[in-house]
Amino acid sequence: MREATLGKTRIEDVKTRLEEIAKPFQQEQNKRQKKSDFIKKCLQSIDKNDFFQLDTLLKSSQAADILEDSNFEGSKSIFSHLGGHADKQIEQYQLQFRNDLLQLAEKAGLPIEMDGLQFSVLKGIEGKADFVNRITTINQTTIKSVDPRRIISSLLAMKRKLYDSPFDPQKFIDTLFECYKAILNKSDEGLGSSVSILPLYTDYVFALQSKTFFQNMDKGKFKGCSVEQFAIDIWRFFESKVSSTLGGYRIKLNPGRNKSLWLIDQNGEKRQFSHASFVKK
């Protein structure tokens, strides 16, 4: 029994030694396989005319490893030629991108404004195309594409969400005023005093909830209001014919960076506001 145990131990030792001997060869084989796969990806990008993917591959650390490998002699001139081709294609695409985005926006009825690769639609909807990473950011949403059709589709969806819902400016400002007064009552401050914008926003969201929600706070019954929506609703109020509460109080937003929110002022500028107050007009 003891001899069998010793024999098994020796076999395990031999197995471990063989694995150690094979390890560097296996590692080298894995490296070669990764380089081979990299070349295949480059070929696939060329076949698909996917110059963005090709540009990404050629600027990666894998490309640098291949250039240092003597087994891939001659790859430097090939990579340089492909890199120049990709750069030209991307430059042409960027010029076409602007024209395509403007044409598609006009067709969709979106009042788009462009500054380089940055664009905006109405107040509070802003975006930027990132060709290096092939993503587009619209407000807090990231699209893994720089396709103008995808961008316009996302802009339309965001416009419907933020602008196309029913909005009553009088009800909005009166509700906000009630929240403002409730905060003042807790601190024994008088009308006209400034309150922090964060609790005002929080209380406003709770003011939107139905009585049913407070009886059973199921998330399905919760009516949300994102900061994006809050900022745009303030702008929609400023743009409306309503200028004050029914009692004649006007809202005043005070700029600041500490515990602030990004809102849209009366001039349509996006700024950080930390406090708000209501004053008799």
# chains A, B, ... in the order shown; residues from 1 in each chain; ligands from 1
>>> select_by_dssp(residues="segment 26-240 of chain A", states="strand (DSSP E)", output="JSON, numbers by chain")
{"A": [112, 113, 114, 115, 118, 119, 120, 121, 126, 127, 128, 129, 130, 135, 136, 137, 138, 141, 142, 143, 195, 196]}
>>> closest_residue(among="A:Pro24, A:Gly220, A:Pro169, A:Pro199", to="Ser274 of chain A", atoms="only C-alpha atoms")
A:Pro199
>>> residues_around(residues="Asn139 of chain A", least_positions_apart="3", cutoff="8 Å", atoms="only C-alpha atoms", output="mmCIF file with C-alpha atoms, in the first residue's frame")
data_model
loop_
_atom_site.group_PDB
_atom_site.id
_atom_site.type_symbol
_atom_site.label_atom_id
_atom_site.label_comp_id
_atom_site.auth_asym_id
_atom_site.auth_seq_id
_atom_site.Cartn_x
_atom_site.Cartn_y
_atom_site.Cartn_z
ATOM 1 C CA ILE A 125 -30.607 67.760 -25.321
ATOM 2 C CA GLU A 126 -26.910 67.727 -26.218
ATOM 3 C CA GLY A 127 -24.629 65.177 -27.803
#
>>> closest_residue(among="A:Tyr180, A:His275, A:Ile39, A:Ile152", to="Lys107 of chain A", atoms="only C-alpha atoms")
A:Ile152
>>> atom_distance(atom1="atom CA of Leu54 of chain A", atom2="atom CA of Asp87 of chain A")
9.8 Å
>>> select_by_dssp(residues="segment 5-193 of chain A", states="helix (DSSP H, G or I)", output="PyMOL selection string")
chain A and resi 5-48+51-58+61-67+70-72+75-108+148-162+169-187
>>> residues_around(residues="segment 259-262 of chain A", least_positions_apart="6", cutoff="6 Å", atoms="only C-alpha atoms", output="PyMOL selection string")
chain A and resi 271-274
>>> residues_around(residues="segment 91-93 of chain A", least_positions_apart="5", cutoff="12 Å", atoms="only C-alpha atoms", output="list in words")
Asp50, Phe51, Phe52, Asp55, Gly84, His85, Ala86, Arg98, Asn99, Asp100, Leu101, Leu117, Phe131, Val132, Val146, Asp147 and Pro148 of chain A
>>> write_last_selection(atoms="all heavy atoms", output="short mmCIF file (atom, residue, chain, number, x, y, z; two decimals), in the first residue's frame")
data_model
loop_
_atom_site.label_atom_id
_atom_site.label_comp_id
_atom_site.auth_asym_id
_atom_site.auth_seq_id
_atom_site.Cartn_x
_atom_site.Cartn_y
_atom_site.Cartn_z
N ASP A 50 -14.46 48.30 -42.88
CA ASP A 50 -14.68 48.86 -41.54
C ASP A 50 -13.39 49.57 -41.12
O ASP A 50 -12.57 49.04 -40.36
CB ASP A 50 -15.04 47.75 -40.56
CG ASP A 50 -15.49 48.28 -39.20
OD1 ASP A 50 -15.27 49.48 -38.94
OD2 ASP A 50 -16.05 47.50 -38.41
N PHE A 51 -13.22 50.80 -41.60
CA PHE A 51 -11.97 51.51 -41.37
C PHE A 51 -11.84 51.98 -39.92
O PHE A 51 -10.74 52.22 -39.44
CB PHE A 51 -11.82 52.70 -42.32
CG PHE A 51 -13.10 53.43 -42.61
CD1 PHE A 51 -13.56 54.43 -41.77
CD2 PHE A 51 -13.85 53.11 -43.73
CE1 PHE A 51 -14.72 55.09 -42.03
CE2 PHE A 51 -15.04 53.79 -44.00
CZ PHE A 51 -15.48 54.79 -43.14
N PHE A 52 -12.96 52.11 -39.20
CA PHE A 52 -12.87 52.46 -37.79
C PHE A 52 -12.25 51.31 -36.99
O PHE A 52 -11.38 51.52 -36.15
CB PHE A 52 -14.26 52.78 -37.22
CG PHE A 52 -14.77 54.13 -37.63
CD1 PHE A 52 -15.79 54.26 -38.54
CD2 PHE A 52 -14.21 55.28 -37.09
CE1 PHE A 52 -16.26 55.50 -38.92
CE2 PHE A 52 -14.67 56.53 -37.46
CZ PHE A 52 -15.70 56.65 -38.38
N ASP A 55 -8.57 51.04 -37.89
CA ASP A 55 -7.78 52.09 -37.22
C ASP A 55 -7.54 51.72 -35.76
O ASP A 55 -6.43 51.89 -35.24
CB ASP A 55 -8.54 53.42 -37.31
CG ASP A 55 -7.79 54.55 -36.64
OD1 ASP A 55 -6.72 54.93 -37.15
OD2 ASP A 55 -8.26 55.06 -35.61
N GLY A 84 -2.60 54.85 -43.02
CA GLY A 84 -2.86 56.04 -43.83
C GLY A 84 -4.20 55.96 -44.54
O GLY A 84 -4.95 56.94 -44.62
N HIS A 85 -4.53 54.76 -45.04
CA HIS A 85 -5.80 54.54 -45.71
C HIS A 85 -6.97 54.74 -44.74
O HIS A 85 -7.97 55.40 -45.08
CB HIS A 85 -5.85 53.12 -46.28
CG HIS A 85 -7.19 52.71 -46.82
ND1 HIS A 85 -7.72 53.22 -47.97
CD2 HIS A 85 -8.12 51.83 -46.32
CE1 HIS A 85 -8.91 52.70 -48.18
NE2 HIS A 85 -9.17 51.84 -47.20
N ALA A 86 -6.84 54.19 -43.53
CA ALA A 86 -7.90 54.31 -42.52
C ALA A 86 -8.10 55.77 -42.12
O ALA A 86 -9.24 56.23 -41.98
CB ALA A 86 -7.56 53.47 -41.29
N ARG A 98 -21.43 64.96 -40.92
CA ARG A 98 -22.09 66.24 -40.63
C ARG A 98 -23.25 66.47 -41.61
O ARG A 98 -24.36 66.81 -41.19
CB ARG A 98 -21.08 67.38 -40.72
CG ARG A 98 -21.70 68.76 -40.53
CD ARG A 98 -20.67 69.86 -40.73
NE ARG A 98 -21.31 71.16 -40.72
CZ ARG A 98 -21.64 71.83 -39.63
NH1 ARG A 98 -21.40 71.33 -38.44
NH2 ARG A 98 -22.21 73.03 -39.70
N ASN A 99 -22.98 66.28 -42.89
CA ASN A 99 -24.02 66.49 -43.90
C ASN A 99 -25.19 65.53 -43.72
O ASN A 99 -26.36 65.93 -43.80
CB ASN A 99 -23.43 66.34 -45.30
CG ASN A 99 -22.41 67.42 -45.63
OD1 ASN A 99 -22.49 68.52 -45.10
ND2 ASN A 99 -21.46 67.10 -46.48
N ASP A 100 -24.87 64.27 -43.46
CA ASP A 100 -25.92 63.26 -43.29
C ASP A 100 -26.77 63.56 -42.06
O ASP A 100 -28.01 63.43 -42.10
CB ASP A 100 -25.30 61.86 -43.14
CG ASP A 100 -24.74 61.34 -44.46
OD1 ASP A 100 -25.00 61.97 -45.50
OD2 ASP A 100 -24.05 60.31 -44.45
N LEU A 101 -26.12 63.97 -40.95
CA LEU A 101 -26.85 64.25 -39.72
C LEU A 101 -27.78 65.45 -39.90
O LEU A 101 -28.94 65.41 -39.47
CB LEU A 101 -25.87 64.51 -38.58
CG LEU A 101 -26.45 64.41 -37.15
CD1 LEU A 101 -26.94 62.99 -36.88
CD2 LEU A 101 -25.40 64.80 -36.11
N LEU A 117 -18.12 68.08 -33.90
CA LEU A 117 -18.79 66.81 -33.64
C LEU A 117 -19.79 66.92 -32.50
O LEU A 117 -20.38 65.92 -32.10
CB LEU A 117 -17.75 65.72 -33.34
CG LEU A 117 -16.79 65.39 -34.49
CD1 LEU A 117 -15.78 64.33 -34.06
CD2 LEU A 117 -17.55 64.92 -35.72
N PHE A 131 -15.42 59.57 -32.67
CA PHE A 131 -15.04 58.65 -33.73
C PHE A 131 -13.93 57.69 -33.32
O PHE A 131 -13.82 56.61 -33.86
CB PHE A 131 -14.61 59.45 -34.97
CG PHE A 131 -15.76 60.02 -35.74
CD1 PHE A 131 -16.19 61.31 -35.50
CD2 PHE A 131 -16.43 59.27 -36.69
CE1 PHE A 131 -17.27 61.84 -36.20
CE2 PHE A 131 -17.49 59.79 -37.39
CZ PHE A 131 -17.91 61.08 -37.13
N VAL A 132 -13.11 58.11 -32.37
CA VAL A 132 -12.01 57.24 -31.92
C VAL A 132 -12.57 55.99 -31.27
O VAL A 132 -12.15 54.86 -31.57
CB VAL A 132 -11.09 57.99 -30.93
CG1 VAL A 132 -10.02 57.04 -30.38
CG2 VAL A 132 -10.44 59.18 -31.61
N VAL A 146 -21.64 55.61 -34.40
CA VAL A 146 -21.60 56.98 -34.90
C VAL A 146 -22.41 57.06 -36.20
O VAL A 146 -22.20 57.95 -37.02
CB VAL A 146 -20.15 57.47 -35.14
CG1 VAL A 146 -19.43 57.72 -33.83
CG2 VAL A 146 -19.36 56.47 -35.99
N ASP A 147 -23.32 56.12 -36.35
CA ASP A 147 -24.20 56.10 -37.50
C ASP A 147 -25.24 57.21 -37.35
O ASP A 147 -26.00 57.22 -36.38
CB ASP A 147 -24.90 54.74 -37.59
CG ASP A 147 -25.77 54.60 -38.83
OD1 ASP A 147 -26.06 55.63 -39.48
OD2 ASP A 147 -26.18 53.47 -39.14
N PRO A 148 -25.30 58.18 -38.29
CA PRO A 148 -26.27 59.28 -38.19
C PRO A 148 -27.71 58.80 -38.02
O PRO A 148 -28.49 59.45 -37.31
CB PRO A 148 -26.09 60.03 -39.52
CG PRO A 148 -24.68 59.75 -39.90
CD PRO A 148 -24.42 58.34 -39.46
#
>>> closest_residue(among="A:Gln229, A:Asn216, A:Gln94, A:Ser75", to="Gly116 of chain A", atoms="only C-alpha atoms")
A:Gln94
>>> residues_around(residues="segment 30-34 of chain A", least_positions_apart="5", cutoff="12 Å", atoms="only C-alpha atoms", output="PDB file with N, CA and C atoms, in the first residue's frame")
ATOM      1  N   LYS A  23       5.223  24.380 -20.428  1.00  0.00           N
ATOM      2  CA  LYS A  23       4.620  25.698 -20.196  1.00  0.00           C
ATOM      3  C   LYS A  23       5.146  26.794 -21.108  1.00  0.00           C
ATOM      4  N   PRO A  24       6.466  27.000 -21.232  1.00  0.00           N
ATOM      5  CA  PRO A  24       6.948  28.077 -22.113  1.00  0.00           C
ATOM      6  C   PRO A  24       6.572  27.866 -23.586  1.00  0.00           C
ATOM      7  N   PHE A  25       6.549  26.599 -24.017  1.00  0.00           N
ATOM      8  CA  PHE A  25       6.146  26.309 -25.400  1.00  0.00           C
ATOM      9  C   PHE A  25       4.672  26.642 -25.620  1.00  0.00           C
ATOM     10  N   ILE A  39      -4.138  39.364 -37.149  1.00  0.00           N
ATOM     11  CA  ILE A  39      -4.029  39.536 -38.599  1.00  0.00           C
ATOM     12  C   ILE A  39      -5.354  39.212 -39.277  1.00  0.00           C
ATOM     13  N   LYS A  40      -6.035  38.173 -38.774  1.00  0.00           N
ATOM     14  CA  LYS A  40      -7.343  37.800 -39.339  1.00  0.00           C
ATOM     15  C   LYS A  40      -8.363  38.917 -39.138  1.00  0.00           C
ATOM     16  N   LYS A  41      -8.335  39.557 -37.961  1.00  0.00           N
ATOM     17  CA  LYS A  41      -9.247  40.668 -37.688  1.00  0.00           C
ATOM     18  C   LYS A  41      -8.978  41.837 -38.631  1.00  0.00           C
ATOM     19  N   SER A  61      -1.979  47.815 -28.764  1.00  0.00           N
ATOM     20  CA  SER A  61      -0.712  47.251 -28.287  1.00  0.00           C
ATOM     21  C   SER A  61      -0.367  45.964 -29.040  1.00  0.00           C
ATOM     22  N   GLN A  62      -1.382  45.263 -29.535  1.00  0.00           N
ATOM     23  CA  GLN A  62      -1.134  44.035 -30.302  1.00  0.00           C
ATOM     24  C   GLN A  62      -0.369  44.340 -31.585  1.00  0.00           C
ATOM     25  N   ALA A  63      -0.727  45.433 -32.232  1.00  0.00           N
ATOM     26  CA  ALA A  63      -0.018  45.833 -33.451  1.00  0.00           C
ATOM     27  C   ALA A  63       1.443  46.132 -33.138  1.00  0.00           C
ATOM     28  N   ASP A  65       3.214  44.827 -30.753  1.00  0.00           N
ATOM     29  CA  ASP A  65       3.894  43.546 -30.492  1.00  0.00           C
ATOM     30  C   ASP A  65       4.295  42.867 -31.801  1.00  0.00           C
ATOM     31  N   ILE A  66       3.413  42.928 -32.791  1.00  0.00           N
ATOM     32  CA  ILE A  66       3.702  42.300 -34.078  1.00  0.00           C
ATOM     33  C   ILE A  66       4.865  42.997 -34.775  1.00  0.00           C
ATOM     34  N   ASP A  69       8.079  41.697 -33.658  1.00  0.00           N
ATOM     35  CA  ASP A  69       8.296  40.260 -33.859  1.00  0.00           C
ATOM     36  C   ASP A  69       8.987  40.036 -35.210  1.00  0.00           C
ATOM     37  N   SER A  70      10.162  39.366 -35.176  1.00  0.00           N
ATOM     38  CA  SER A  70      10.932  39.117 -36.402  1.00  0.00           C
ATOM     39  C   SER A  70      10.206  38.181 -37.362  1.00  0.00           C
ATOM     40  N   ASN A  71       9.253  37.400 -36.847  1.00  0.00           N
ATOM     41  CA  ASN A  71       8.497  36.490 -37.704  1.00  0.00           C
ATOM     42  C   ASN A  71       7.508  37.228 -38.601  1.00  0.00           C
ATOM     43  N   PHE A  72       7.248  38.507 -38.260  1.00  0.00           N
ATOM     44  CA  PHE A  72       6.331  39.320 -39.060  1.00  0.00           C
ATOM     45  C   PHE A  72       7.088  40.444 -39.759  1.00  0.00           C
TER      46      PHE A  72
END
>>> residues_around(residues="Ile112 of chain A", least_positions_apart="2", cutoff="8 Å", atoms="only C-alpha atoms", output="PyMOL selection string")
chain A and resi 102+105-106+110+114+119-122
>>> write_last_selection(atoms="all heavy atoms", output="PDB file, in the first residue's frame")
ATOM      1  N   LEU A 102     -27.309  66.481 -40.579  1.00  0.00           N
ATOM      2  CA  LEU A 102     -28.133  67.664 -40.818  1.00  0.00           C
ATOM      3  C   LEU A 102     -29.330  67.336 -41.717  1.00  0.00           C
ATOM      4  O   LEU A 102     -30.456  67.779 -41.466  1.00  0.00           O
ATOM      5  CB  LEU A 102     -27.294  68.778 -41.455  1.00  0.00           C
ATOM      6  CG  LEU A 102     -26.279  69.469 -40.527  1.00  0.00           C
ATOM      7  CD1 LEU A 102     -25.360  70.378 -41.327  1.00  0.00           C
ATOM      8  CD2 LEU A 102     -26.987  70.256 -39.437  1.00  0.00           C
ATOM      9  N   ALA A 105     -31.818  65.128 -39.790  1.00  0.00           N
ATOM     10  CA  ALA A 105     -32.509  65.918 -38.772  1.00  0.00           C
ATOM     11  C   ALA A 105     -33.592  66.784 -39.403  1.00  0.00           C
ATOM     12  O   ALA A 105     -34.708  66.888 -38.873  1.00  0.00           O
ATOM     13  CB  ALA A 105     -31.510  66.791 -38.017  1.00  0.00           C
ATOM     14  N   GLU A 106     -33.276  67.376 -40.540  1.00  0.00           N
ATOM     15  CA  GLU A 106     -34.261  68.210 -41.238  1.00  0.00           C
ATOM     16  C   GLU A 106     -35.459  67.376 -41.679  1.00  0.00           C
ATOM     17  O   GLU A 106     -36.611  67.789 -41.549  1.00  0.00           O
ATOM     18  CB  GLU A 106     -33.613  68.884 -42.447  1.00  0.00           C
ATOM     19  CG  GLU A 106     -34.536  69.845 -43.186  1.00  0.00           C
ATOM     20  CD  GLU A 106     -33.853  70.513 -44.355  1.00  0.00           C
ATOM     21  OE1 GLU A 106     -32.670  70.204 -44.634  1.00  0.00           O
ATOM     22  OE2 GLU A 106     -34.498  71.354 -45.017  1.00  0.00           O
ATOM     23  N   LEU A 110     -36.235  67.838 -36.701  1.00  0.00           N
ATOM     24  CA  LEU A 110     -35.479  68.149 -35.492  1.00  0.00           C
ATOM     25  C   LEU A 110     -34.631  69.403 -35.721  1.00  0.00           C
ATOM     26  O   LEU A 110     -33.813  69.440 -36.645  1.00  0.00           O
ATOM     27  CB  LEU A 110     -34.559  66.990 -35.113  1.00  0.00           C
ATOM     28  CG  LEU A 110     -35.199  65.745 -34.504  1.00  0.00           C
ATOM     29  CD1 LEU A 110     -34.157  64.653 -34.337  1.00  0.00           C
ATOM     30  CD2 LEU A 110     -35.838  66.058 -33.161  1.00  0.00           C
ATOM     31  N   MET A 114     -25.076  72.248 -34.903  1.00  0.00           N
ATOM     32  CA  MET A 114     -23.821  71.500 -34.837  1.00  0.00           C
ATOM     33  C   MET A 114     -22.626  72.422 -34.692  1.00  0.00           C
ATOM     34  O   MET A 114     -22.582  73.503 -35.267  1.00  0.00           O
ATOM     35  CB  MET A 114     -23.655  70.619 -36.085  1.00  0.00           C
ATOM     36  CG  MET A 114     -24.646  69.490 -36.200  1.00  0.00           C
ATOM     37  SD  MET A 114     -24.137  68.240 -37.412  1.00  0.00           S
ATOM     38  CE  MET A 114     -22.708  67.510 -36.605  1.00  0.00           C
ATOM     39  N   PHE A 119     -23.390  68.485 -30.982  1.00  0.00           N
ATOM     40  CA  PHE A 119     -24.671  68.906 -31.538  1.00  0.00           C
ATOM     41  C   PHE A 119     -25.693  69.062 -30.420  1.00  0.00           C
ATOM     42  O   PHE A 119     -25.513  68.556 -29.304  1.00  0.00           O
ATOM     43  CB  PHE A 119     -25.179  67.888 -32.569  1.00  0.00           C
ATOM     44  CG  PHE A 119     -25.212  66.473 -32.079  1.00  0.00           C
ATOM     45  CD1 PHE A 119     -26.308  65.974 -31.390  1.00  0.00           C
ATOM     46  CD2 PHE A 119     -24.129  65.620 -32.302  1.00  0.00           C
ATOM     47  CE1 PHE A 119     -26.331  64.672 -30.928  1.00  0.00           C
ATOM     48  CE2 PHE A 119     -24.149  64.305 -31.834  1.00  0.00           C
ATOM     49  CZ  PHE A 119     -25.255  63.832 -31.149  1.00  0.00           C
ATOM     50  N   SER A 120     -26.744  69.797 -30.699  1.00  0.00           N
ATOM     51  CA  SER A 120     -27.812  69.983 -29.723  1.00  0.00           C
ATOM     52  C   SER A 120     -29.146  70.056 -30.447  1.00  0.00           C
ATOM     53  O   SER A 120     -29.227  70.500 -31.590  1.00  0.00           O
ATOM     54  CB  SER A 120     -27.588  71.262 -28.903  1.00  0.00           C
ATOM     55  OG  SER A 120     -27.598  72.400 -29.748  1.00  0.00           O
ATOM     56  N   VAL A 121     -30.182  69.598 -29.775  1.00  0.00           N
ATOM     57  CA  VAL A 121     -31.552  69.641 -30.288  1.00  0.00           C
ATOM     58  C   VAL A 121     -32.423  70.229 -29.193  1.00  0.00           C
ATOM     59  O   VAL A 121     -32.521  69.650 -28.106  1.00  0.00           O
ATOM     60  CB  VAL A 121     -32.061  68.236 -30.672  1.00  0.00           C
ATOM     61  CG1 VAL A 121     -33.529  68.290 -31.035  1.00  0.00           C
ATOM     62  CG2 VAL A 121     -31.254  67.681 -31.829  1.00  0.00           C
ATOM     63  N   LEU A 122     -33.027  71.373 -29.436  1.00  0.00           N
ATOM     64  CA  LEU A 122     -33.799  72.079 -28.424  1.00  0.00           C
ATOM     65  C   LEU A 122     -32.895  72.359 -27.220  1.00  0.00           C
ATOM     66  O   LEU A 122     -31.685  72.147 -27.273  1.00  0.00           O
ATOM     67  CB  LEU A 122     -35.038  71.257 -28.028  1.00  0.00           C
ATOM     68  CG  LEU A 122     -35.998  70.919 -29.175  1.00  0.00           C
ATOM     69  CD1 LEU A 122     -37.071  69.944 -28.701  1.00  0.00           C
ATOM     70  CD2 LEU A 122     -36.643  72.173 -29.737  1.00  0.00           C
TER      71      LEU A 122
END
